[in-house]
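To start, the structure itself, in structure tokens.
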Amino acid sequence: MSIADKRRTFRALHQSGCFVIPNPWNVGSARYLQGLGFKALATTSSGYAHSQGYSDGEVTRDMALAHCHEIAQTADVPVNADFEGGYADDPDEVAANVRLCVATGVAGLSIEDYTGNDADPLYDFDLAVKRVRAARDAVDKAGGDVIFTARTEGFIRNRPDIDETIRRLKAFADAGADCLYSPGIKTREQISATIKAVVPKPINFLNSGPFGYTVDDLAALGVRRISVGGTLARVAMHAFIQSARQITQEGKFDSFADVVSNAELNRVFHDDLTHRPKSQME
């Protein structure tokens, strides 16, 4: 599938129905997830950062761009980039970085309103809107039909104000965002309120924990896109940590029971490799 085809496919996914967009953190997890039949994938800033030995938010712009390029080029399905805050404060600099992100071949990207300063976590409202508008203009100038998602981070940055969240989502929608996203909201009332605020534009819901929802539940509420953020990466890291701790603290290897075999993974990735274009392996 060409980059243009992936972008058309990704845009079509946002027109109706509900789909899950899981978040791989490297090529192997991306290829495995697409092999399970997921129609699109999204990078995870935290999952990638932790795999590289960084905390979330400390990865450089160029590292993020290289990661987005690697995942977008090796996945056969559309990829959305978690592009954090655009790696700049100034709207013009955000726009320049967005153009670089589009050039990696992603089918979509998101920009958030987190400042990086926990004492003052959200950009001033007017500046936040200017940053969204600048990102929108950059996507348009870059062409390619990329889906632009605007995020407001209050509920995961100690500013859980649903009225302010909705105010920002509406403003971001008016500023040209294709999809809206407020990670951290959890209740049916919050989800419904955000969907109503920006209809007919789609909402991405972050299902990062055992909140009690099924895909069908969220679809019935009107959610168009469901992501899991860094949770799959943390599931993998959690199992690794628990196993390593058992070895060092108890001298036991019980956690090795019933894990997927080396032969099974070899089979999966050998078969997958035979279906990959040569261009992906050069």
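Starting from 1 in every chain, residues are counted up; chains themselves are A, B, ... following the order of the structure tokens, and ligands are numbered from 1 as listed.
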Note to self: Applying 10 Å and only C-alpha atoms, which residues near Ala175 in chain A remain after dropping the ones on its own chain fewer than 4 positions away? List them as a PyMOL selection string.
What the structure shows: chain A and resi 129-137+150+169-171
Next item on the list: Can you check which residues of range 105-249 of chain A DSSP gives as strand (DSSP E) on the backbone and send them as a PyMOL selection string?
Entry: chain A and resi 108-112+147-151+179-181+203-206+225-227
Note to self: At a cut-off of 12 Å, using only C-alpha atoms, what residues contact range 114-116 of chain A? Leave out same-chain residues fewer than 2 positions from it and give the result as an MDAnalysis selection string.
What the structure shows: chainID A and resid 56:58 83:90 111:112 118:125 127:128 131 150:159 182:183
Long-range neighbours of range 232-245 of chain A as a PDB file with all heavy atoms, in the first residue's frame, 9 Å cut-off, only C-alpha atoms, 5 positions minimum in chain:
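Output saved as result32.pdb:
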ATOM      1  N   PRO A  22      -4.154   0.392  17.935  1.00  0.00           N
ATOM      2  CA  PRO A  22      -3.205   0.075  19.003  1.00  0.00           C
ATOM      3  C   PRO A  22      -1.855   0.746  18.764  1.00  0.00           C
ATOM      4  O   PRO A  22      -1.563   1.192  17.653  1.00  0.00           O
ATOM      5  CB  PRO A  22      -3.095  -1.450  18.926  1.00  0.00           C
ATOM      6  CG  PRO A  22      -3.321  -1.748  17.477  1.00  0.00           C
ATOM      7  CD  PRO A  22      -4.351  -0.740  17.022  1.00  0.00           C
ATOM      8  N   ASN A  23      -1.037   0.781  19.814  1.00  0.00           N
ATOM      9  CA  ASN A  23       0.197   1.569  19.773  1.00  0.00           C
ATOM     10  C   ASN A  23       1.441   0.693  19.929  1.00  0.00           C
ATOM     11  O   ASN A  23       1.853   0.373  21.044  1.00  0.00           O
ATOM     12  CB  ASN A  23       0.173   2.621  20.883  1.00  0.00           C
ATOM     13  CG  ASN A  23      -1.037   3.528  20.803  1.00  0.00           C
ATOM     14  OD1 ASN A  23      -2.159   3.108  21.095  1.00  0.00           O
ATOM     15  ND2 ASN A  23      -0.824   4.762  20.411  1.00  0.00           N
ATOM     16  N   PRO A  24       2.074   0.312  18.831  1.00  0.00           N
ATOM     17  CA  PRO A  24       3.338  -0.411  18.906  1.00  0.00           C
ATOM     18  C   PRO A  24       4.471   0.529  19.293  1.00  0.00           C
ATOM     19  O   PRO A  24       4.336   1.750  19.216  1.00  0.00           O
ATOM     20  CB  PRO A  24       3.534  -0.921  17.477  1.00  0.00           C
ATOM     21  CG  PRO A  24       2.869   0.124  16.630  1.00  0.00           C
ATOM     22  CD  PRO A  24       1.672   0.572  17.432  1.00  0.00           C
ATOM     23  N   TRP A  25       5.598  -0.041  19.708  1.00  0.00           N
ATOM     24  CA  TRP A  25       6.741   0.781  20.112  1.00  0.00           C
ATOM     25  C   TRP A  25       8.017   0.429  19.345  1.00  0.00           C
ATOM     26  O   TRP A  25       9.053   1.045  19.535  1.00  0.00           O
ATOM     27  CB  TRP A  25       6.975   0.653  21.613  1.00  0.00           C
ATOM     28  CG  TRP A  25       7.223  -0.748  22.077  1.00  0.00           C
ATOM     29  CD1 TRP A  25       8.438  -1.343  22.312  1.00  0.00           C
ATOM     30  CD2 TRP A  25       6.243  -1.747  22.359  1.00  0.00           C
ATOM     31  NE1 TRP A  25       8.267  -2.636  22.711  1.00  0.00           N
ATOM     32  CE2 TRP A  25       6.928  -2.914  22.761  1.00  0.00           C
ATOM     33  CE3 TRP A  25       4.837  -1.774  22.318  1.00  0.00           C
ATOM     34  CZ2 TRP A  25       6.264  -4.093  23.108  1.00  0.00           C
ATOM     35  CZ3 TRP A  25       4.180  -2.944  22.662  1.00  0.00           C
ATOM     36  CH2 TRP A  25       4.889  -4.079  23.053  1.00  0.00           C
ATOM     37  N   THR A  44       3.607   5.500  20.071  1.00  0.00           N
ATOM     38  CA  THR A  44       3.407   5.913  21.456  1.00  0.00           C
ATOM     39  C   THR A  44       4.677   6.575  21.943  1.00  0.00           C
ATOM     40  O   THR A  44       5.748   5.946  21.950  1.00  0.00           O
ATOM     41  CB  THR A  44       3.043   4.732  22.383  1.00  0.00           C
ATOM     42  OG1 THR A  44       3.329   5.087  23.747  1.00  0.00           O
ATOM     43  CG2 THR A  44       3.812   3.463  22.046  1.00  0.00           C
ATOM     44  N   SER A  46       5.544   7.425  24.958  1.00  0.00           N
ATOM     45  CA  SER A  46       6.063   6.810  26.178  1.00  0.00           C
ATOM     46  C   SER A  46       6.648   5.431  25.898  1.00  0.00           C
ATOM     47  O   SER A  46       7.725   5.091  26.393  1.00  0.00           O
ATOM     48  CB  SER A  46       4.966   6.725  27.245  1.00  0.00           C
ATOM     49  OG  SER A  46       3.914   5.870  26.842  1.00  0.00           O
ATOM     50  N   GLY A  47       5.926   4.622  25.112  1.00  0.00           N
ATOM     51  CA  GLY A  47       6.419   3.282  24.815  1.00  0.00           C
ATOM     52  C   GLY A  47       7.764   3.320  24.112  1.00  0.00           C
ATOM     53  O   GLY A  47       8.680   2.555  24.447  1.00  0.00           O
ATOM     54  N   TYR A  48       7.896   4.212  23.145  1.00  0.00           N
ATOM     55  CA  TYR A  48       9.168   4.338  22.427  1.00  0.00           C
ATOM     56  C   TYR A  48      10.253   4.886  23.350  1.00  0.00           C
ATOM     57  O   TYR A  48      11.379   4.367  23.382  1.00  0.00           O
ATOM     58  CB  TYR A  48       9.008   5.245  21.207  1.00  0.00           C
ATOM     59  CG  TYR A  48      10.327   5.579  20.549  1.00  0.00           C
ATOM     60  CD1 TYR A  48      11.109   4.578  19.969  1.00  0.00           C
ATOM     61  CD2 TYR A  48      10.805   6.887  20.519  1.00  0.00           C
ATOM     62  CE1 TYR A  48      12.326   4.873  19.382  1.00  0.00           C
ATOM     63  CE2 TYR A  48      12.022   7.187  19.937  1.00  0.00           C
ATOM     64  CZ  TYR A  48      12.782   6.181  19.372  1.00  0.00           C
ATOM     65  OH  TYR A  48      13.991   6.473  18.796  1.00  0.00           O
ATOM     66  N   HIS A  50      10.580   4.741  26.622  1.00  0.00           N
ATOM     67  CA  HIS A  50      11.035   3.758  27.607  1.00  0.00           C
ATOM     68  C   HIS A  50      11.884   2.668  26.960  1.00  0.00           C
ATOM     69  O   HIS A  50      12.846   2.177  27.569  1.00  0.00           O
ATOM     70  CB  HIS A  50       9.835   3.143  28.332  1.00  0.00           C
ATOM     71  CG  HIS A  50       9.025   4.149  29.087  1.00  0.00           C
ATOM     72  ND1 HIS A  50       7.695   3.942  29.408  1.00  0.00           N
ATOM     73  CD2 HIS A  50       9.340   5.384  29.570  1.00  0.00           C
ATOM     74  CE1 HIS A  50       7.244   5.005  30.065  1.00  0.00           C
ATOM     75  NE2 HIS A  50       8.219   5.891  30.167  1.00  0.00           N
ATOM     76  N   SER A  51      11.548   2.290  25.739  1.00  0.00           N
ATOM     77  CA  SER A  51      12.331   1.254  25.056  1.00  0.00           C
ATOM     78  C   SER A  51      13.738   1.742  24.737  1.00  0.00           C
ATOM     79  O   SER A  51      14.652   0.929  24.537  1.00  0.00           O
ATOM     80  CB  SER A  51      11.628   0.818  23.767  1.00  0.00           C
ATOM     81  OG  SER A  51      11.757   1.803  22.744  1.00  0.00           O
ATOM     82  N   SER A 208      -6.770   3.263  28.379  1.00  0.00           N
ATOM     83  CA  SER A 208      -5.444   2.904  28.886  1.00  0.00           C
ATOM     84  C   SER A 208      -5.485   2.019  30.121  1.00  0.00           C
ATOM     85  O   SER A 208      -4.440   1.729  30.709  1.00  0.00           O
ATOM     86  CB  SER A 208      -4.655   4.170  29.214  1.00  0.00           C
ATOM     87  OG  SER A 208      -5.359   4.961  30.169  1.00  0.00           O
ATOM     88  N   GLU A 250      14.337 -13.740  44.311  1.00  0.00           N
ATOM     89  CA  GLU A 250      13.962 -15.056  44.830  1.00  0.00           C
ATOM     90  C   GLU A 250      14.811 -16.191  44.265  1.00  0.00           C
ATOM     91  O   GLU A 250      14.746 -17.321  44.755  1.00  0.00           O
ATOM     92  CB  GLU A 250      12.487 -15.339  44.524  1.00  0.00           C
ATOM     93  CG  GLU A 250      11.518 -14.308  45.088  1.00  0.00           C
ATOM     94  CD  GLU A 250      10.092 -14.585  44.651  1.00  0.00           C
ATOM     95  OE1 GLU A 250       9.712 -15.777  44.569  1.00  0.00           O
ATOM     96  OE2 GLU A 250       9.359 -13.607  44.379  1.00  0.00           O
ATOM     97  N   GLY A 251      15.588 -15.877  43.232  1.00  0.00           N
ATOM     98  CA  GLY A 251      16.383 -16.929  42.610  1.00  0.00           C
ATOM     99  C   GLY A 251      15.551 -17.949  41.868  1.00  0.00           C
ATOM    100  O   GLY A 251      15.966 -19.087  41.669  1.00  0.00           O
ATOM    101  N   LYS A 252      14.358 -17.540  41.452  1.00  0.00           N
ATOM    102  CA  LYS A 252      13.435 -18.463  40.773  1.00  0.00           C
ATOM    103  C   LYS A 252      13.201 -18.038  39.317  1.00  0.00           C
ATOM    104  O   LYS A 252      13.378 -16.885  38.961  1.00  0.00           O
ATOM    105  CB  LYS A 252      12.092 -18.495  41.510  1.00  0.00           C
ATOM    106  CG  LYS A 252      12.169 -19.055  42.926  1.00  0.00           C
ATOM    107  CD  LYS A 252      10.782 -19.038  43.570  1.00  0.00           C
ATOM    108  CE  LYS A 252      10.830 -19.610  44.974  1.00  0.00           C
ATOM    109  NZ  LYS A 252       9.485 -19.591  45.624  1.00  0.00           N
ATOM    110  N   PHE A 253      12.762 -19.017  38.528  1.00  0.00           N
ATOM    111  CA  PHE A 253      12.481 -18.787  37.113  1.00  0.00           C
ATOM    112  C   PHE A 253      11.048 -19.194  36.765  1.00  0.00           C
ATOM    113  O   PHE A 253      10.732 -19.486  35.615  1.00  0.00           O
ATOM    114  CB  PHE A 253      13.471 -19.579  36.251  1.00  0.00           C
ATOM    115  CG  PHE A 253      14.916 -19.234  36.508  1.00  0.00           C
ATOM    116  CD1 PHE A 253      15.629 -19.897  37.498  1.00  0.00           C
ATOM    117  CD2 PHE A 253      15.544 -18.248  35.776  1.00  0.00           C
ATOM    118  CE1 PHE A 253      16.955 -19.580  37.741  1.00  0.00           C
ATOM    119  CE2 PHE A 253      16.872 -17.926  36.002  1.00  0.00           C
ATOM    120  CZ  PHE A 253      17.587 -18.587  36.994  1.00  0.00           C
ATOM    121  N   ASP A 254      10.173 -19.201  37.776  1.00  0.00           N
ATOM    122  CA  ASP A 254       8.795 -19.647  37.575  1.00  0.00           C
ATOM    123  C   ASP A 254       8.056 -18.807  36.548  1.00  0.00           C
ATOM    124  O   ASP A 254       7.123 -19.290  35.894  1.00  0.00           O
ATOM    125  CB  ASP A 254       8.029 -19.609  38.904  1.00  0.00           C
ATOM    126  CG  ASP A 254       8.580 -20.567  39.948  1.00  0.00           C
ATOM    127  OD1 ASP A 254       9.468 -21.368  39.597  1.00  0.00           O
ATOM    128  OD2 ASP A 254       8.129 -20.507  41.106  1.00  0.00           O
ATOM    129  N   SER A 255       8.440 -17.550  36.412  1.00  0.00           N
ATOM    130  CA  SER A 255       7.740 -16.660  35.482  1.00  0.00           C
ATOM    131  C   SER A 255       7.953 -17.059  34.025  1.00  0.00           C
ATOM    132  O   SER A 255       7.279 -16.537  33.133  1.00  0.00           O
ATOM    133  CB  SER A 255       8.215 -15.216  35.684  1.00  0.00           C
ATOM    134  OG  SER A 255       9.609 -15.122  35.439  1.00  0.00           O
ATOM    135  N   PHE A 256       8.893 -17.970  33.771  1.00  0.00           N
ATOM    136  CA  PHE A 256       9.141 -18.415  32.397  1.00  0.00           C
ATOM    137  C   PHE A 256       8.093 -19.427  31.925  1.00  0.00           C
ATOM    138  O   PHE A 256       8.088 -19.801  30.751  1.00  0.00           O
ATOM    139  CB  PHE A 256      10.524 -19.051  32.281  1.00  0.00           C
ATOM    140  CG  PHE A 256      11.681 -18.087  32.391  1.00  0.00           C
ATOM    141  CD1 PHE A 256      11.480 -16.731  32.594  1.00  0.00           C
ATOM    142  CD2 PHE A 256      12.985 -18.545  32.292  1.00  0.00           C
ATOM    143  CE1 PHE A 256      12.533 -15.851  32.702  1.00  0.00           C
ATOM    144  CE2 PHE A 256      14.060 -17.674  32.400  1.00  0.00           C
ATOM    145  CZ  PHE A 256      13.834 -16.323  32.597  1.00  0.00           C
TER     146      PHE A 256
END
Notebook entry, point to check: Out of range 7-117 of chain A, which residues get alpha helix (DSSP H) from DSSP, as a PyMOL selection string?
Noted result: chain A and resi 7-13+27-35+45-51+61-74+91-102
Notebook entry, point to check: Which one is closest to Leu109 in chain A: A:Asp178, A:Asp258, A:Asp217, A:Glu264? Count only C-alpha atoms.
Noted result: A:Asp178
Item checked: Nearby residues (only C-alpha atoms) at most 12 Å from range 9-14 of chain A, same-chain spacing under 5 positions excluded, as a ChimeraX atom specification -> /A:1-4,19-21,38-42,76-80,106-109,144-149,178-180,200-204,222-226
Just-selected residues, N, CA, C and O atoms written as a compact mmCIF listing (two decimals), in the first residue's frame:
# COMPACT_ATOMS: atom_id res chain seq x y z
N MET A 1 0.85 -1.19 0.00
CA MET A 1 0.00 0.00 0.00
C MET A 1 0.89 1.24 0.00
O MET A 1 1.79 1.36 0.83
N SER A 2 0.66 2.14 -0.92
CA SER A 2 1.45 3.36 -1.01
C SER A 2 1.11 4.31 0.14
O SER A 2 0.09 4.15 0.82
N ILE A 3 1.96 5.33 0.32
CA ILE A 3 1.68 6.34 1.35
C ILE A 3 0.33 7.00 1.08
O ILE A 3 -0.47 7.19 1.99
N ALA A 4 0.08 7.32 -0.18
CA ALA A 4 -1.20 7.96 -0.53
C ALA A 4 -2.38 7.04 -0.22
O ALA A 4 -3.42 7.48 0.28
N PHE A 19 -13.07 2.09 15.25
CA PHE A 19 -11.94 1.19 15.07
C PHE A 19 -10.93 1.38 16.20
O PHE A 19 -10.84 2.45 16.81
N VAL A 20 -10.19 0.32 16.48
CA VAL A 20 -9.14 0.35 17.50
C VAL A 20 -7.81 0.58 16.80
O VAL A 20 -7.49 -0.10 15.82
N ILE A 21 -7.05 1.54 17.30
CA ILE A 21 -5.74 1.85 16.76
C ILE A 21 -4.71 1.61 17.86
O ILE A 21 -4.41 2.49 18.66
N PHE A 38 -5.47 -5.48 12.83
CA PHE A 38 -5.78 -4.08 13.11
C PHE A 38 -5.63 -3.26 11.83
O PHE A 38 -4.68 -3.45 11.07
N LYS A 39 -6.55 -2.33 11.63
CA LYS A 39 -6.60 -1.59 10.38
C LYS A 39 -5.67 -0.38 10.35
O LYS A 39 -5.42 0.19 9.28
N ALA A 40 -5.18 0.03 11.51
CA ALA A 40 -4.26 1.16 11.60
C ALA A 40 -3.49 1.04 12.90
O ALA A 40 -3.90 0.33 13.83
N LEU A 41 -2.36 1.73 12.97
CA LEU A 41 -1.51 1.73 14.15
C LEU A 41 -1.15 3.16 14.52
O LEU A 41 -1.27 4.06 13.70
N ALA A 42 -0.70 3.34 15.76
CA ALA A 42 -0.24 4.67 16.18
C ALA A 42 1.02 4.51 17.03
O ALA A 42 1.12 3.57 17.82
N ASP A 76 2.28 -2.01 6.93
CA ASP A 76 1.48 -2.06 5.70
C ASP A 76 0.13 -1.37 5.87
O ASP A 76 -0.66 -1.33 4.92
N VAL A 77 -0.13 -0.87 7.07
CA VAL A 77 -1.38 -0.17 7.36
C VAL A 77 -1.05 1.27 7.74
O VAL A 77 0.11 1.60 8.02
N PRO A 78 -2.05 2.15 7.76
CA PRO A 78 -1.78 3.55 8.13
C PRO A 78 -1.22 3.67 9.54
O PRO A 78 -1.59 2.92 10.44
N VAL A 79 -0.34 4.65 9.72
CA VAL A 79 0.27 4.91 11.03
C VAL A 79 0.02 6.36 11.42
O VAL A 79 0.23 7.27 10.62
N ASN A 80 -0.45 6.55 12.65
CA ASN A 80 -0.62 7.89 13.21
C ASN A 80 0.56 8.17 14.14
O ASN A 80 0.95 7.33 14.94
N VAL A 106 3.79 9.23 7.55
CA VAL A 106 2.66 8.88 8.41
C VAL A 106 1.34 9.28 7.75
O VAL A 106 1.30 10.16 6.88
N ALA A 107 0.27 8.62 8.18
CA ALA A 107 -1.06 8.92 7.65
C ALA A 107 -1.80 9.92 8.53
O ALA A 107 -2.83 10.46 8.13
N GLY A 108 -1.27 10.15 9.73
CA GLY A 108 -1.89 11.10 10.66
C GLY A 108 -0.88 11.49 11.71
O GLY A 108 0.16 10.83 11.87
N LEU A 109 -1.19 12.55 12.44
CA LEU A 109 -0.33 12.96 13.55
C LEU A 109 -1.16 13.75 14.55
O LEU A 109 -2.20 14.32 14.21
N GLY A 144 -1.19 15.63 0.93
CA GLY A 144 -1.19 14.22 1.27
C GLY A 144 -2.35 13.72 2.09
O GLY A 144 -2.38 12.55 2.48
N ASP A 145 -3.29 14.59 2.44
CA ASP A 145 -4.53 14.13 3.09
C ASP A 145 -4.27 13.52 4.46
O ASP A 145 -4.96 12.59 4.88
N VAL A 146 -3.28 14.04 5.19
CA VAL A 146 -2.96 13.53 6.52
C VAL A 146 -4.03 13.95 7.53
O VAL A 146 -4.48 15.09 7.53
N ILE A 147 -4.44 13.01 8.38
CA ILE A 147 -5.40 13.30 9.44
C ILE A 147 -4.68 14.02 10.59
O ILE A 147 -3.70 13.52 11.13
N PHE A 148 -5.19 15.19 10.96
CA PHE A 148 -4.59 15.96 12.04
C PHE A 148 -5.46 15.88 13.28
O PHE A 148 -6.63 16.27 13.27
N THR A 149 -4.89 15.37 14.36
CA THR A 149 -5.59 15.23 15.64
C THR A 149 -5.05 16.25 16.63
O THR A 149 -3.84 16.36 16.81
N ASP A 178 -8.94 17.57 12.43
CA ASP A 178 -9.81 16.55 11.85
C ASP A 178 -10.41 15.64 12.91
O ASP A 178 -11.52 15.12 12.76
N CYS A 179 -9.63 15.41 13.98
CA CYS A 179 -10.02 14.49 15.04
C CYS A 179 -9.65 15.14 16.36
O CYS A 179 -8.65 15.87 16.44
N LEU A 180 -10.43 14.89 17.40
CA LEU A 180 -10.19 15.51 18.70
C LEU A 180 -9.95 14.44 19.75
O LEU A 180 -10.50 13.34 19.67
N PRO A 200 -19.84 16.90 13.88
CA PRO A 200 -19.63 15.52 13.43
C PRO A 200 -18.18 15.06 13.38
O PRO A 200 -17.89 13.99 12.86
N LYS A 201 -17.26 15.87 13.91
CA LYS A 201 -15.87 15.44 13.88
C LYS A 201 -15.65 14.28 14.86
O LYS A 201 -16.30 14.22 15.91
N PRO A 202 -14.75 13.36 14.53
CA PRO A 202 -14.55 12.17 15.36
C PRO A 202 -13.73 12.44 16.61
O PRO A 202 -12.90 13.35 16.66
N ILE A 203 -13.98 11.61 17.60
CA ILE A 203 -13.25 11.64 18.88
C ILE A 203 -12.39 10.39 18.99
O ILE A 203 -12.84 9.28 18.66
N ASN A 204 -11.16 10.58 19.46
CA ASN A 204 -10.30 9.46 19.84
C ASN A 204 -10.43 9.28 21.36
O ASN A 204 -10.27 10.24 22.12
N GLY A 222 -20.57 6.49 20.56
CA GLY A 222 -20.24 7.37 19.45
C GLY A 222 -18.76 7.61 19.25
O GLY A 222 -18.35 8.45 18.44
N VAL A 223 -17.93 6.86 19.99
CA VAL A 223 -16.48 6.96 19.80
C VAL A 223 -16.12 6.43 18.43
O VAL A 223 -16.57 5.36 18.03
N ARG A 224 -15.28 7.15 17.72
CA ARG A 224 -14.88 6.73 16.38
C ARG A 224 -13.55 5.97 16.40
O ARG A 224 -13.35 5.04 15.62
N ARG A 225 -12.64 6.38 17.29
CA ARG A 225 -11.29 5.81 17.30
C ARG A 225 -10.89 5.51 18.75
O ARG A 225 -11.05 6.35 19.62
N ILE A 226 -10.36 4.31 18.99
CA ILE A 226 -9.92 3.90 20.32
C ILE A 226 -8.43 3.59 20.27
O ILE A 226 -8.00 2.71 19.51
Note to self: My list of candidates is A:Val199, A:Val139, A:Ile166, A:Ala75. Which is closest to Gln15 in chain A when distances are computed with only C-alpha atoms?
What the structure shows: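 Closest to Gln15 in chain A of all the choices is A:Val199.
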Next item on the list: Just the residues within 7 Å of Gly105 in chain A, please, counting only C-alpha atoms, with nothing from its chain fewer than 5 positions along; format it as a list in words.
Entry: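 Listing them by chain and then by number gives Ile3, His69, Ala72 and Gln73 of chain A.
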Next item on the list: May I ask for the distance between CA of Ala173 in chain A and CA of Val198 in chain A, given in Å to one decimal place?
Entry: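 That distance, rounded to one decimal, is 6.6 Å.
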Next item on the list: Can you work out the spacing between CA of Asp5 in chain A and CA of Ala49 in chain A in Å, to one decimal?
Entry: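 So the answer is 29.0 Å.
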Item checked: Between CA of Pro210 in chain A and CA of Gly184 in chain A - distance in Å to one decimal ->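 Separation of CA of Gly184 in chain A and CA of Pro210 in chain A: 12.9 Å.
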